[in-house]
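What follows is a single structure, written as structure tokens, with notes after it.
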Amino acid sequence: MIPATLWTAIVTLAIGLFYFYTGFRVGNLRARHDIKAPATSGHPEFDRAYRVQLNTLEQMGIFLPFLWVAAFYPIGWPWLAPLIGGIWLIGRIIYMRGYMADPSKRLAGAMMCGLTSIILFVIAACGVVKACLALRVM
Amino acid sequence: MIPATLWTAIVTLAIGLFYFYTGFRVGNLRARHDIKAPATSGHPEFDRAYRVQLNTLEQMGIFLPFLWVAAFYPIGWPWLAPLIGGIWLIGRIIYMRGYMADPSKRLAGAMMCGLTSIILFVIAACGVVKACLALRVM
Amino acid sequence: MIPATLWTAIVTLAIGLFYFYTGFRVGNLRARHDIKAPATSGHPEFDRAYRVQLNTLEQMGIFLPFLWVAAFYPIGWPWLAPLIGGIWLIGRIIYMRGYMADPSKRLAGAMMCGLTSIILFVIAACGVVKACLALRVM
């Protein structure tokens with residue numbers, strides 16, 4: 001059986017790889033539409049790709065700390081946090097596909113990510129409370 | 001007694017939750033002022049909220065790595081690093097409140113965060129040096 | 001001998017310090033060119049410095065998770081991941097110096113960072129696979 005921290009590491013690598021892809025796409029579109037640095041705007045397709053990349057980073061800033069706190073202080077079902085990590089990543093892919101098609105279609109993926117972030121916060125907070133209670137008992 | 005890594009986890013969750021709030025606020029103001037994605041500018045209140053969110057992420061990129069290095073390689077007072085994490089978070093809240101009122105009022109909070117980041121770097125560096133010295137003694 | 005996690009902590013502190021400097025420079029140039037918040041554009045030198053800071057944060061979002069997964073799940077040469085962390089940091093410095101001189105000169109440093117990120121992903125993935133295989137053997 002693969003322990004929860006190892007699952008967490010696998011999910012983290014997958015998230016990092018996906019984020020690398022969003023950044024790579026921005027670089028490609030910068031070249032294709034001939035948008036000179038330091039501009040970060042200039043063509044609708046590039047603008048969307050750049051927002052997808054930056055929004056992914058913004059959401060990783062919420063999600064990864066919660067994920068690793070949950071990994072270090074697991075609750076009774078330690079596989080739950082990395083599983084939610086996988087669902088979050090699927091939400092990011094839905095967000096990216098929606099956003100690239102039409103910015104108004106980004107909301108389903110954005111809500112999926114926001115909701116999974118809140119659930120993961122609750123899981124991580126329960127793990128921390130459990131660890132605090134365990135200290136009192138000992 | 002709650003160990004330092006557990007305090008660090010608690011502070012990390014609090015920082016993540018605060019950052020989630022800054023992002024949530026940007027989404028709300030985007031809807032209220034009808035700023036269509038992918039634009040990240042369009043109304044002074046929205047612009048300020050967006051800068052608060054992004055600046056919080058920028059500062060987390062400095063602070064969280066220092067915080068966890070300090071947690072893994074603690075100095076003699078292991079509670080000092082998470083305590084400074086709490087002060088940093090208060091600094092972020094002061095920054096947000098100042099910035100939303102008037103961008104020129106952001107400096108007190110910004111300096112509080114910059115200063116606590118430098119202090120935390122020194123603490124983390126001392127912890128790492130202490131761990132290196134401990135290896136030589138053994 | 002300094003273990004790999006300690007080297008990883010040292011590299012993380014160095015990366016954090018470098019990133020702190022990129023942000024500090026943005027603040028200085030904001031004051032020098034009198035660019036009022038919340039604007040993030042207004043003078044070519046400031047624009048370049050701001051992109052250097054944000055791009056560094058964007059790349060840290062890829063690199064640091066890979067670096068710490070590799071530290072927790074090391075391969076046979078555990079010093080390899082933090083060594084690549086050092087090379088990545090040199091790449092970031094080359095990127096910054098190139099970009100500040102002329103945005104078209106940023107590519108050498110950017111490619112060095114992209115390449116080292118991919119190599120580190122492979123190393124971290126190998127470490128994770130190795131840890132999974134070790135579970136099966138036991």
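Chain labels A, B, ... are given in the sequence in which chains occur in the structure tokens; within each chain residues are numbered consecutively from 1, and ligands are likewise numbered from 1 in the order shown.
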Excluding Phe20 (chain B) and any residue of its chain fewer than 5 positions from it, enumerate the residues within 12 Å of it, using only C-alpha atoms, and give them as a ChimeraX atom specification.
-> /A:58-63,65-66,113-115,117-118,121 /B:13-15,25-27,52-54,56-57
Show me which bits of chain A are within 6 Å of chain C, counting only C-alpha atoms, as a PyMOL selection string.
-> chain A and resi 9+16+37-38
Suppose we keep all heavy atoms; can you now write the selection as a compact mmCIF listing (two decimals), in the first residue's frame?
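To be explicit, this is the file written out as result.txt:
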# COMPACT_ATOMS: atom_id res chain seq x y z
N ALA A 9 3.13 13.34 -2.75
CA ALA A 9 4.27 13.68 -3.60
C ALA A 9 3.92 13.48 -5.07
O ALA A 9 4.27 14.31 -5.93
CB ALA A 9 5.48 12.83 -3.21
N GLY A 16 2.74 20.23 -10.51
CA GLY A 16 3.90 20.98 -11.02
C GLY A 16 4.06 20.84 -12.52
O GLY A 16 4.34 21.81 -13.23
N ALA A 37 8.49 40.85 -24.80
CA ALA A 37 8.66 41.09 -23.37
C ALA A 37 9.13 42.53 -23.18
O ALA A 37 9.85 43.03 -24.04
CB ALA A 37 9.69 40.12 -22.79
N PRO A 38 8.75 43.23 -22.09
CA PRO A 38 8.03 42.73 -20.92
C PRO A 38 6.50 42.80 -21.00
O PRO A 38 5.85 42.66 -19.97
CB PRO A 38 8.54 43.66 -19.81
CG PRO A 38 8.81 44.97 -20.49
CD PRO A 38 9.16 44.63 -21.92
One decimal, Å: what's the distance from CA of Ala39 (chain C) over to CA of Thr40 (chain B), could you say?
->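 Pair CA of Ala39 (chain C) / CA of Thr40 (chain B) returns 11.3 Å.
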A:Leu29, A:Leu80, A:Ile35, A:Tyr21: which is nearest Ala4 (chain A), counting only C-alpha atoms?
->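 Smallest separation from Ala4 (chain A) among the options: A:Leu80.
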Using the chain letters and numbers from this document, which residues of region 12-136 of chain A does DSSP assign to helix (DSSP H, G or I), as a ChimeraX atom specification?
-> /A:12-32,44-72,80-101,103-136
What does the distance from CA of Arg30 (chain A) to CA of Ala101 (chain C) come to in Å, to one decimal?
->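 For CA of Arg30 (chain A) relative to CA of Ala101 (chain C), the distance reads 19.9 Å.
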Distance of CA of Thr12 (chain C) from CA of Ile94 (chain C), expressed in Å to one decimal place = 18.1 Å
